[in-house]
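**Q** So here's run_22.tsv (TSV, C-alpha atoms).
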chain	number	residue	atom	x	y	z
A	1	MET	CA	0.13	-30.25	-70.89
A	2	THR	CA	1.24	-28.45	-67.71
A	3	THR	CA	0.65	-31.43	-65.38
A	4	GLU	CA	2.36	-33.74	-67.87
A	5	LEU	CA	5.39	-31.46	-68.17
A	6	TYR	CA	5.71	-31.02	-64.40
A	7	PRO	CA	4.38	-34.26	-62.84
A	8	ARG	CA	3.99	-34.84	-59.11
A	9	GLU	CA	6.39	-37.79	-59.12
A	10	ARG	CA	9.31	-35.60	-60.13
A	11	LEU	CA	9.83	-34.45	-56.54
A	12	GLY	CA	10.27	-38.08	-55.52
A	13	GLN	CA	12.67	-38.66	-58.38
A	14	VAL	CA	14.81	-35.74	-57.22
A	15	ARG	CA	14.73	-37.00	-53.63
A	16	ASP	CA	15.80	-40.48	-54.72
A	17	ALA	CA	18.55	-39.16	-57.00
A	18	ALA	CA	19.88	-36.90	-54.24
A	19	ALA	CA	19.95	-39.78	-51.76
A	20	LYS	CA	21.75	-41.98	-54.29
A	21	ALA	CA	24.34	-39.22	-54.71
A	22	GLY	CA	24.92	-39.08	-50.96
A	23	LEU	CA	23.21	-35.73	-50.38
A	24	ASP	CA	21.06	-34.95	-47.33
A	25	ALA	CA	19.03	-32.26	-49.10
A	26	VAL	CA	18.81	-30.22	-52.27
A	27	LEU	CA	18.27	-26.44	-52.28
A	28	LEU	CA	16.91	-25.03	-55.54
A	29	THR	CA	16.61	-21.28	-56.09
A	30	PRO	CA	15.01	-19.70	-59.21
A	31	GLY	CA	16.32	-21.10	-62.47
A	32	PRO	CA	15.82	-24.05	-64.80
A	33	ASP	CA	16.24	-26.71	-62.10
A	34	LEU	CA	13.50	-25.22	-59.93
A	35	ARG	CA	11.22	-24.94	-62.94
A	36	TYR	CA	11.99	-28.52	-63.98
A	37	VAL	CA	10.98	-29.88	-60.58
A	38	THR	CA	7.93	-27.70	-59.85
A	39	GLY	CA	6.98	-25.79	-63.00
A	40	TYR	CA	7.44	-22.54	-61.06
A	41	ASP	CA	9.26	-19.96	-63.19
A	42	ALA	CA	10.16	-17.85	-60.19
A	43	LYS	CA	11.68	-14.42	-60.56
A	44	GLN	CA	15.37	-13.97	-59.75
A	45	LEU	CA	15.15	-11.56	-56.82
A	46	GLU	CA	17.27	-10.53	-53.88
A	47	ARG	CA	14.49	-12.01	-51.73
A	48	LEU	CA	15.04	-15.74	-51.31
A	49	THR	CA	12.80	-18.24	-53.08
A	50	CYS	CA	14.03	-21.79	-52.46
A	51	LEU	CA	12.66	-25.29	-52.91
A	52	VAL	CA	14.05	-27.50	-50.16
A	53	VAL	CA	14.05	-31.25	-50.83
A	54	PRO	CA	15.35	-33.20	-47.81
A	55	THR	CA	16.17	-36.81	-48.63
A	56	GLY	CA	14.60	-37.88	-45.34
A	57	GLY	CA	11.50	-35.70	-45.28
A	58	GLU	CA	8.89	-33.74	-47.20
A	59	ALA	CA	9.82	-30.95	-49.61
A	60	PHE	CA	8.79	-27.37	-48.94
A	61	LEU	CA	8.97	-24.14	-50.92
A	62	VAL	CA	10.17	-21.01	-49.14
A	63	VAL	CA	8.84	-17.84	-50.80
A	64	PRO	CA	8.64	-14.14	-49.96
A	65	ARG	CA	5.09	-13.45	-48.79
A	66	LEU	CA	4.43	-11.08	-51.67
A	67	GLU	CA	5.31	-13.89	-54.14
A	68	VAL	CA	2.90	-16.44	-52.64
A	69	PRO	CA	0.11	-15.73	-55.18
A	70	ALA	CA	2.53	-16.31	-58.09
A	71	ALA	CA	3.78	-19.57	-56.57
A	72	GLN	CA	0.23	-20.81	-55.95
A	73	ALA	CA	-0.82	-19.92	-59.51
A	74	SER	CA	2.14	-21.80	-61.02
A	75	PRO	CA	2.17	-25.58	-61.56
A	76	ALA	CA	3.85	-25.81	-58.13
A	77	GLY	CA	0.51	-24.91	-56.59
A	78	ALA	CA	-0.99	-28.18	-57.81
A	79	LEU	CA	1.85	-30.38	-56.54
A	80	GLY	CA	0.86	-30.33	-52.89
A	81	VAL	CA	4.19	-28.85	-51.85
A	82	GLU	CA	4.02	-26.89	-48.59
A	83	LEU	CA	4.49	-23.17	-49.19
A	84	VAL	CA	6.43	-21.44	-46.41
A	85	PRO	CA	6.07	-17.66	-46.67
A	86	TRP	CA	8.49	-15.28	-45.03
A	87	ASP	CA	8.12	-11.62	-44.15
A	88	GLU	CA	10.45	-8.72	-44.80
A	89	THR	CA	11.91	-8.79	-41.29
A	90	ASP	CA	12.50	-12.57	-41.29
A	91	ASP	CA	15.78	-14.33	-42.06
A	92	PRO	CA	14.76	-16.91	-44.71
A	93	TYR	CA	18.13	-18.69	-44.53
A	94	ALA	CA	17.73	-19.28	-40.81
A	95	LEU	CA	14.16	-20.40	-41.50
A	96	VAL	CA	15.42	-23.06	-43.94
A	97	ALA	CA	18.15	-24.18	-41.54
A	98	ALA	CA	15.68	-24.49	-38.66
A	99	ARG	CA	13.35	-26.74	-40.67
A	100	LEU	CA	16.12	-29.07	-41.83
A	101	PRO	CA	17.22	-32.02	-39.67
A	102	ARG	CA	20.26	-31.36	-37.51
A	103	GLY	CA	23.66	-32.73	-38.46
A	104	LEU	CA	23.34	-32.57	-42.24
A	105	ALA	CA	26.63	-33.59	-43.82
A	106	THR	CA	26.13	-32.43	-47.41
A	107	VAL	CA	23.53	-30.40	-49.30
A	108	GLY	CA	23.31	-29.79	-53.03
A	109	VAL	CA	22.75	-26.19	-54.07
A	110	ALA	CA	21.41	-25.11	-57.46
A	111	ASP	CA	24.13	-24.49	-60.04
A	112	ARG	CA	22.52	-21.14	-60.84
A	113	MET	CA	22.21	-20.02	-57.20
A	114	TRP	CA	23.56	-16.51	-56.71
A	115	ALA	CA	26.87	-16.51	-54.84
A	116	VAL	CA	25.48	-14.21	-52.15
A	117	MET	CA	22.72	-16.75	-51.44
A	118	ALA	CA	25.16	-19.67	-51.33
A	119	LEU	CA	27.26	-17.72	-48.84
A	120	ARG	CA	24.21	-16.97	-46.70
A	121	PHE	CA	23.35	-20.68	-46.66
A	122	ARG	CA	26.94	-21.47	-45.70
A	123	ALA	CA	26.62	-19.16	-42.74
A	124	ALA	CA	23.24	-20.66	-41.76
A	125	LEU	CA	24.53	-24.24	-42.11
A	126	PRO	CA	28.18	-23.84	-41.00
A	127	ASP	CA	28.86	-27.55	-40.47
A	128	THR	CA	27.32	-28.67	-43.76
A	129	GLU	CA	29.27	-29.09	-46.98
A	130	GLN	CA	27.75	-27.50	-50.08
A	131	VAL	CA	28.12	-29.13	-53.50
A	132	ALA	CA	26.58	-28.35	-56.87
A	133	ALA	CA	23.23	-30.07	-57.35
A	134	GLY	CA	23.51	-29.98	-61.12
A	135	SER	CA	25.07	-33.43	-61.29
A	136	VAL	CA	21.94	-34.84	-59.65
A	137	LEU	CA	19.43	-32.92	-61.76
A	138	ARG	CA	21.25	-33.47	-65.07
A	139	GLU	CA	20.60	-37.22	-64.95
A	140	LEU	CA	16.88	-36.51	-64.87
A	141	ARG	CA	16.79	-33.50	-67.19
A	142	MET	CA	18.84	-35.14	-69.97
A	143	ARG	CA	16.18	-37.80	-70.62
A	144	LYS	CA	13.10	-36.02	-71.89
A	145	SER	CA	9.65	-37.43	-71.17
A	146	PRO	CA	7.07	-37.73	-73.98
A	147	ALA	CA	5.50	-34.49	-72.74
A	148	GLU	CA	8.85	-32.72	-72.92
A	149	VAL	CA	9.46	-34.05	-76.44
A	150	ALA	CA	6.03	-32.72	-77.43
A	151	ALA	CA	6.99	-29.32	-76.00
A	152	LEU	CA	10.24	-29.35	-77.97
A	153	ARG	CA	8.34	-30.31	-81.12
A	154	GLU	CA	5.99	-27.36	-80.57
A	155	ALA	CA	9.03	-25.09	-80.17
A	156	GLY	CA	10.62	-26.52	-83.33
A	157	GLU	CA	7.46	-25.96	-85.35
A	158	ALA	CA	7.27	-22.37	-84.12
A	159	ILE	CA	10.87	-21.54	-85.10
A	160	ASP	CA	10.37	-23.29	-88.46
A	161	ARG	CA	7.51	-20.88	-89.15
A	162	VAL	CA	9.86	-17.98	-88.43
A	163	HIS	CA	12.45	-19.29	-90.90
A	164	ARG	CA	9.72	-19.49	-93.56
A	165	ARG	CA	9.16	-15.74	-93.02
A	166	VAL	CA	12.84	-14.81	-93.33
A	167	PRO	CA	12.87	-14.44	-97.16
A	168	ASP	CA	10.30	-11.64	-96.82
A	169	ILE	CA	12.47	-9.89	-94.21
A	170	LEU	CA	16.01	-10.40	-95.49
A	171	LYS	CA	16.75	-7.93	-98.31
A	172	ALA	CA	19.82	-6.27	-99.78
A	173	GLY	CA	20.20	-2.73	-98.49
A	174	ARG	CA	18.89	-3.51	-95.01
A	175	THR	CA	21.19	-3.73	-92.01
A	176	GLU	CA	21.65	-6.86	-89.92
A	177	ARG	CA	20.10	-5.00	-87.02
A	178	GLU	CA	16.99	-4.08	-89.00
A	179	VAL	CA	16.56	-7.65	-90.19
A	180	GLY	CA	17.20	-8.99	-86.69
A	181	ARG	CA	14.57	-6.70	-85.18
A	182	ASP	CA	11.92	-7.98	-87.59
A	183	ILE	CA	12.94	-11.60	-87.02
A	184	ALA	CA	12.67	-11.06	-83.26
A	185	ASP	CA	9.13	-9.73	-83.76
A	186	ALA	CA	8.34	-12.83	-85.83
A	187	ILE	CA	9.66	-15.13	-83.08
A	188	THR	CA	7.13	-13.77	-80.59
A	189	ALA	CA	4.40	-13.57	-83.24
A	190	GLU	CA	4.86	-17.28	-83.91
A	191	GLY	CA	4.17	-18.27	-80.33
A	192	HIS	CA	7.35	-17.83	-78.28
A	193	ALA	CA	7.11	-16.20	-74.87
A	194	GLN	CA	10.51	-14.58	-75.29
A	195	VAL	CA	13.33	-14.14	-77.80
A	196	ASP	CA	16.55	-15.78	-76.64
A	197	PHE	CA	18.88	-14.83	-79.50
A	198	VAL	CA	18.94	-13.64	-83.11
A	199	ILE	CA	22.08	-13.99	-85.24
A	200	VAL	CA	22.08	-12.46	-88.71
A	201	GLY	CA	25.64	-12.96	-89.96
A	202	SER	CA	26.07	-11.42	-93.39
A	203	GLY	CA	29.20	-11.72	-95.54
A	204	PRO	CA	32.30	-11.89	-93.29
A	205	ASN	CA	30.13	-11.81	-90.17
A	206	GLY	CA	28.82	-15.23	-91.21
A	207	ALA	CA	32.28	-16.60	-90.40
A	208	ASN	CA	31.72	-15.67	-86.73
A	209	PRO	CA	29.41	-18.34	-85.24
A	210	HIS	CA	28.28	-15.96	-82.46
A	211	ALA	CA	28.15	-12.74	-84.46
A	212	GLU	CA	26.26	-9.89	-82.84
A	213	LEU	CA	23.72	-7.88	-84.80
A	214	SER	CA	25.42	-4.88	-86.35
A	215	ASP	CA	24.70	-1.91	-88.58
A	216	ARG	CA	26.44	-3.63	-91.49
A	217	VAL	CA	24.40	-3.29	-94.68
A	218	ILE	CA	23.62	-6.58	-96.42
A	219	ARG	CA	24.86	-6.50	-100.00
A	220	PRO	CA	23.76	-8.35	-103.17
A	221	GLY	CA	25.45	-11.72	-103.60
A	222	GLU	CA	26.23	-12.15	-99.91
A	223	PRO	CA	25.50	-15.33	-97.95
A	224	VAL	CA	23.74	-14.80	-94.60
A	225	VAL	CA	23.65	-17.16	-91.61
A	226	VAL	CA	20.41	-16.87	-89.60
A	227	ASP	CA	20.55	-18.61	-86.21
A	228	ILE	CA	17.48	-17.97	-84.05
A	229	GLY	CA	15.78	-19.30	-80.94
A	230	GLY	CA	13.37	-18.50	-78.16
A	231	THR	CA	11.51	-19.89	-75.17
A	232	MET	CA	7.93	-21.09	-75.46
A	233	PRO	CA	5.24	-20.52	-72.79
A	234	SER	CA	5.93	-24.13	-71.74
A	235	GLY	CA	9.47	-23.11	-70.79
A	236	TYR	CA	11.04	-25.25	-73.53
A	237	CYS	CA	13.40	-23.75	-76.09
A	238	SER	CA	13.85	-23.61	-79.85
A	239	ASP	CA	17.09	-23.23	-81.81
A	240	SER	CA	17.58	-23.53	-85.56
A	241	THR	CA	20.04	-22.22	-88.14
A	242	ARG	CA	19.41	-21.84	-91.86
A	243	ASN	CA	21.37	-20.15	-94.63
A	244	TYR	CA	20.28	-17.55	-97.16
A	245	CYS	CA	21.85	-15.62	-99.99
A	246	VAL	CA	20.69	-12.31	-101.41
A	247	GLY	CA	21.15	-13.05	-105.10
A	248	GLU	CA	23.58	-15.51	-106.67
A	249	PRO	CA	26.09	-16.85	-104.09
A	250	PRO	CA	29.86	-17.06	-104.71
A	251	ALA	CA	31.06	-20.30	-106.33
A	252	ASP	CA	33.37	-21.17	-103.42
A	253	TYR	CA	30.46	-20.78	-101.00
A	254	ARG	CA	28.28	-23.14	-103.02
A	255	ALA	CA	31.09	-25.71	-102.99
A	256	TYR	CA	31.50	-25.89	-99.24
A	257	TYR	CA	27.78	-25.51	-98.56
A	258	GLU	CA	27.17	-28.80	-100.37
A	259	VAL	CA	29.83	-30.41	-98.15
A	260	LEU	CA	28.06	-29.02	-95.10
A	261	VAL	CA	24.72	-30.53	-96.15
A	262	VAL	CA	26.35	-33.96	-96.42
A	263	ALA	CA	28.16	-33.55	-93.08
A	264	GLN	CA	25.05	-32.51	-91.20
A	265	ARG	CA	23.12	-35.46	-92.63
A	266	ALA	CA	25.93	-37.86	-91.68
A	267	SER	CA	25.90	-36.58	-88.12
A	268	ARG	CA	22.13	-36.95	-87.78
A	269	GLU	CA	22.28	-40.47	-89.17
A	270	ALA	CA	24.87	-41.39	-86.53
A	271	VAL	CA	22.37	-40.66	-83.73
A	272	ARG	CA	21.07	-43.83	-82.09
A	273	PRO	CA	20.96	-45.35	-78.59
A	274	GLY	CA	24.42	-46.45	-77.50
A	275	ALA	CA	26.25	-44.14	-79.89
A	276	THR	CA	28.55	-41.67	-78.18
A	277	PRO	CA	28.35	-37.90	-78.63
A	278	GLU	CA	31.98	-38.10	-79.73
A	279	ALA	CA	31.00	-40.42	-82.61
A	280	VAL	CA	28.14	-38.13	-83.67
A	281	ASP	CA	30.57	-35.20	-83.66
A	282	ALA	CA	33.12	-37.19	-85.67
A	283	ALA	CA	30.55	-38.16	-88.31
A	284	ALA	CA	30.22	-34.51	-89.34
A	285	ARG	CA	33.84	-33.56	-88.70
A	286	ASP	CA	35.23	-36.40	-90.84
A	287	VAL	CA	33.18	-35.34	-93.89
A	288	ILE	CA	34.26	-31.74	-93.54
A	289	ALA	CA	37.93	-32.65	-93.00
A	290	ALA	CA	37.96	-35.04	-95.99
A	291	ALA	CA	36.75	-32.19	-98.20
A	292	GLY	CA	39.63	-29.98	-97.04
A	293	TYR	CA	37.68	-27.70	-94.68
A	294	GLY	CA	38.62	-29.27	-91.35
A	295	GLU	CA	40.35	-26.18	-89.95
A	296	HIS	CA	37.24	-24.13	-90.68
A	297	PHE	CA	34.99	-26.21	-88.37
A	298	PHE	CA	36.14	-25.17	-84.91
A	299	HIS	CA	33.23	-25.69	-82.53
A	300	ARG	CA	31.39	-28.72	-81.17
A	301	THR	CA	28.68	-30.31	-83.29
A	302	GLY	CA	25.88	-29.76	-80.80
A	303	HIS	CA	24.43	-29.06	-77.38
A	304	GLY	CA	21.54	-30.38	-75.38
A	305	ILE	CA	18.32	-28.38	-75.21
A	306	GLY	CA	15.22	-28.27	-73.05
A	307	LEU	CA	14.43	-25.68	-70.39
A	308	GLU	CA	17.75	-24.11	-71.40
A	309	SER	CA	18.98	-23.54	-74.93
A	310	HIS	CA	22.34	-25.04	-73.88
A	311	GLU	CA	22.38	-28.00	-71.50
A	312	ASP	CA	23.59	-31.62	-71.38
A	313	PRO	CA	24.40	-33.66	-73.40
A	314	TYR	CA	27.10	-31.88	-75.42
A	315	ILE	CA	27.96	-33.38	-78.82
A	316	VAL	CA	31.72	-33.03	-78.71
A	317	ALA	CA	34.94	-35.04	-78.88
A	318	GLY	CA	35.73	-36.58	-75.51
A	319	ASN	CA	32.10	-37.12	-74.48
A	320	LEU	CA	31.79	-40.90	-74.30
A	321	GLU	CA	28.50	-41.03	-72.37
A	322	PRO	CA	26.21	-43.22	-74.53
A	323	LEU	CA	23.13	-41.59	-76.00
A	324	GLU	CA	19.78	-42.78	-74.69
A	325	PRO	CA	16.19	-42.42	-75.93
A	326	GLY	CA	14.78	-39.07	-74.86
A	327	MET	CA	18.02	-37.13	-75.07
A	328	ALA	CA	17.49	-33.94	-77.09
A	329	PHE	CA	20.26	-31.92	-78.70
A	330	SER	CA	21.31	-29.87	-81.71
A	331	ILE	CA	23.22	-31.11	-84.74
A	332	GLU	CA	24.93	-27.99	-86.11
A	333	PRO	CA	28.22	-28.39	-87.95
A	334	GLY	CA	29.59	-25.27	-89.61
A	335	ILE	CA	32.24	-24.21	-92.11
A	336	TYR	CA	33.75	-20.73	-91.71
A	337	PRO	CA	36.53	-19.99	-94.23
A	338	GLY	CA	36.59	-16.24	-93.65
A	339	PRO	CA	34.93	-14.25	-96.42
A	340	HIS	CA	31.65	-15.90	-95.38
A	341	GLY	CA	30.45	-18.96	-93.48
A	342	ALA	CA	27.59	-21.42	-93.11
A	343	ARG	CA	25.96	-23.56	-90.41
A	344	ILE	CA	23.02	-25.96	-90.56
A	345	GLU	CA	21.27	-26.70	-87.28
A	346	ASP	CA	18.43	-29.00	-86.35
A	347	ILE	CA	17.21	-30.14	-82.95
A	348	VAL	CA	16.85	-33.93	-82.78
A	349	VAL	CA	15.67	-36.37	-80.13
A	350	CYS	CA	17.28	-39.79	-79.77
A	351	THR	CA	14.68	-42.56	-80.13
A	352	GLU	CA	14.68	-46.34	-79.64
A	353	ASP	CA	15.83	-46.90	-83.22
A	354	GLY	CA	17.53	-43.66	-84.27
A	355	HIS	CA	16.32	-40.10	-83.99
A	356	THR	CA	13.42	-37.82	-84.79
A	357	PRO	CA	13.92	-34.19	-85.89
A	358	MET	CA	12.18	-31.26	-84.25
A	359	ASN	CA	12.92	-28.98	-87.23
A	360	LEU	CA	11.47	-29.80	-90.62
A	361	THR	CA	12.41	-26.89	-92.88
A	362	ASP	CA	14.69	-28.20	-95.63
A	363	HIS	CA	18.42	-27.54	-95.83
A	364	THR	CA	18.41	-26.11	-99.34
A	365	LEU	CA	20.26	-22.81	-99.62
A	366	LYS	CA	17.55	-20.16	-99.91
A	367	ILE	CA	18.27	-17.71	-102.74
A	368	ILE	CA	16.45	-14.41	-102.24
A	369	ASP	CA	15.95	-12.33	-105.38
What does the file become when written as structure tokens?

**A**
Amino acid sequence: MTTELYPRERLGQVRDAAAKAGLDAVLLTPGPDLRYVTGYDAKQLERLTCLVVPTGGEAFLVVPRLEVPAAQASPAGALGVELVPWDETDDPYALVAARLPRGLATVGVADRMWAVMALRFRAALPDTEQVAAGSVLRELRMRKSPAEVAALREAGEAIDRVHRRVPDILKAGRTEREVGRDIADAITAEGHAQVDFVIVGSGPNGANPHAELSDRVIRPGEPVVVDIGGTMPSGYCSDSTRNYCVGEPPADYRAYYEVLVVAQRASREAVRPGATPEAVDAAARDVIAAAGYGEHFFHRTGHGIGLESHEDPYIVAGNLEPLEPGMAFSIEPGIYPGPHGARIEDIVVCTEDGHTPMNLTDHTLKIID
């Protein structure tokens, strides 16, 4: 799958996109953009690693000499990209500048480039304007290839397996932190390379969409929001939220949970090519508002996902960029009245005639005896 995820032609696609955007070159330091183009998950170090893609020449990868073996062993090693090592006493920024054509007007720098590196490049290329390269890369990264969709499906299946283990972990009398620790262990046990986040929001903490794990003891009759995700060895991410209750849930919680199920389904059914993210957001928001809970849904309906757990496209009011096949994103409306809260989240991929889900665990409220 590695060569399919990180194909040789991607370098040419980046070069063409950069030229179309009026850039003379793109400089990509460690981060998701570099990994997207080369498959190299380079370490973020004070020593410069940088993929240089001139629009009028061949790409090359500048790496500290001691990182050459890692670069060669990564998918980048099979792409035929020239590796340019530098030694401890070299100036890698001057090295990059010397290899670039003279008189560059504009270069795109990675959105995640450290400020100190951007400033060093500014000093090395004083007559060249620097702009963010993210606008160029986003057009490519938003539309997932079949191999990327397969990687997201693998990630979705892995996080689904974790959710199936939650009822054996989540018990009254345990703290959120204890439950979260065991869920984190399950995330790696089910195939993820790393844990990205674990939210275990019990009782009132469930009304905080980004609740941190705490030492709060989970009590009988309390709803619990479990939002979890990680990164697979492929580099692609999972993200899924399900809801649990330790014993019989409060009547008011049951009432709005049923509304949430309908809203989440309505939003998923609105996904199709040509539909706007704003319309997909409104499909969930309208159901929730009509039931009287509008003020308790106060975040966007979704976010893109791929090599990052949050990336374009964002499913939010004001985003009128039409959806296209291959775009992958979450559908995660929530209702948070205060004494407790709920959110249902699936990752979906827009297809030619609708969407396909990456998460297949059902949305039924799980009652844990």

**Q** Residues within 7 Å of A:Leu27, please, as a short mmCIF file (atom, residue, chain, number, x, y, z; two decimals) with C-alpha atoms, in the coordinates of the input. Count only C-alpha atoms; anything in the same chain fewer than 2 positions from it doesn't count.

**A**
data_model
loop_
_atom_site.label_atom_id
_atom_site.label_comp_id
_atom_site.auth_asym_id
_atom_site.auth_seq_id
_atom_site.Cartn_x
_atom_site.Cartn_y
_atom_site.Cartn_z
CA ALA A 25 19.03 -32.26 -49.10
CA THR A 29 16.61 -21.28 -56.09
CA CYS A 50 14.03 -21.79 -52.46
CA LEU A 51 12.66 -25.29 -52.91
CA VAL A 52 14.05 -27.50 -50.16
CA VAL A 53 14.05 -31.25 -50.83
CA GLY A 108 23.31 -29.79 -53.03
CA VAL A 109 22.75 -26.19 -54.07
CA ALA A 110 21.41 -25.11 -57.46
#

**Q** Point out the residue among A:Asp160, A:Val287, A:Val217, A:Leu307 with the least atom-to-atom distance to A:Pro357, counting all atoms listed in the file.

**A**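 Closest residue, counting all atoms listed in the file: A:Asp160.
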
**Q** Atom CA of A:Gly341 and atom CA of A:Leu213, how far apart in Å?

**A**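 A separation of 15.6 Å between them.
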
**Q** Counting only C-alpha atoms, which residues of stretch 89-178 of chain A fall within 10 Å of stretch 311-327 of chain A, and what is the closest atom pair for each with its distance in Å at one decimal, ordered by chain and rising number, as a Markdown table?

**A**
| residue | atom | partner | partner_atom | distance |
| --- | --- | --- | --- | --- |
| A:Arg138 | CA | A:Asp312 | CA | 7.0 |
| A:Glu139 | CA | A:Asp312 | CA | 9.0 |
| A:Arg141 | CA | A:Asp312 | CA | 8.2 |
| A:Met142 | CA | A:Met327 | CA | 5.5 |
| A:Arg143 | CA | A:Gly326 | CA | 4.6 |
| A:Lys144 | CA | A:Gly326 | CA | 4.6 |
| A:Ser145 | CA | A:Gly326 | CA | 6.5 |
| A:Pro146 | CA | A:Gly326 | CA | 7.9 |
| A:Glu148 | CA | A:Gly326 | CA | 8.9 |
| A:Val149 | CA | A:Gly326 | CA | 7.5 |

**Q** So which one's closest to A:Val348, A:Pro75, A:Gly294, A:Pro277, A:Gly156? Using all atoms listed in the file, please.

**A** A:Gly156
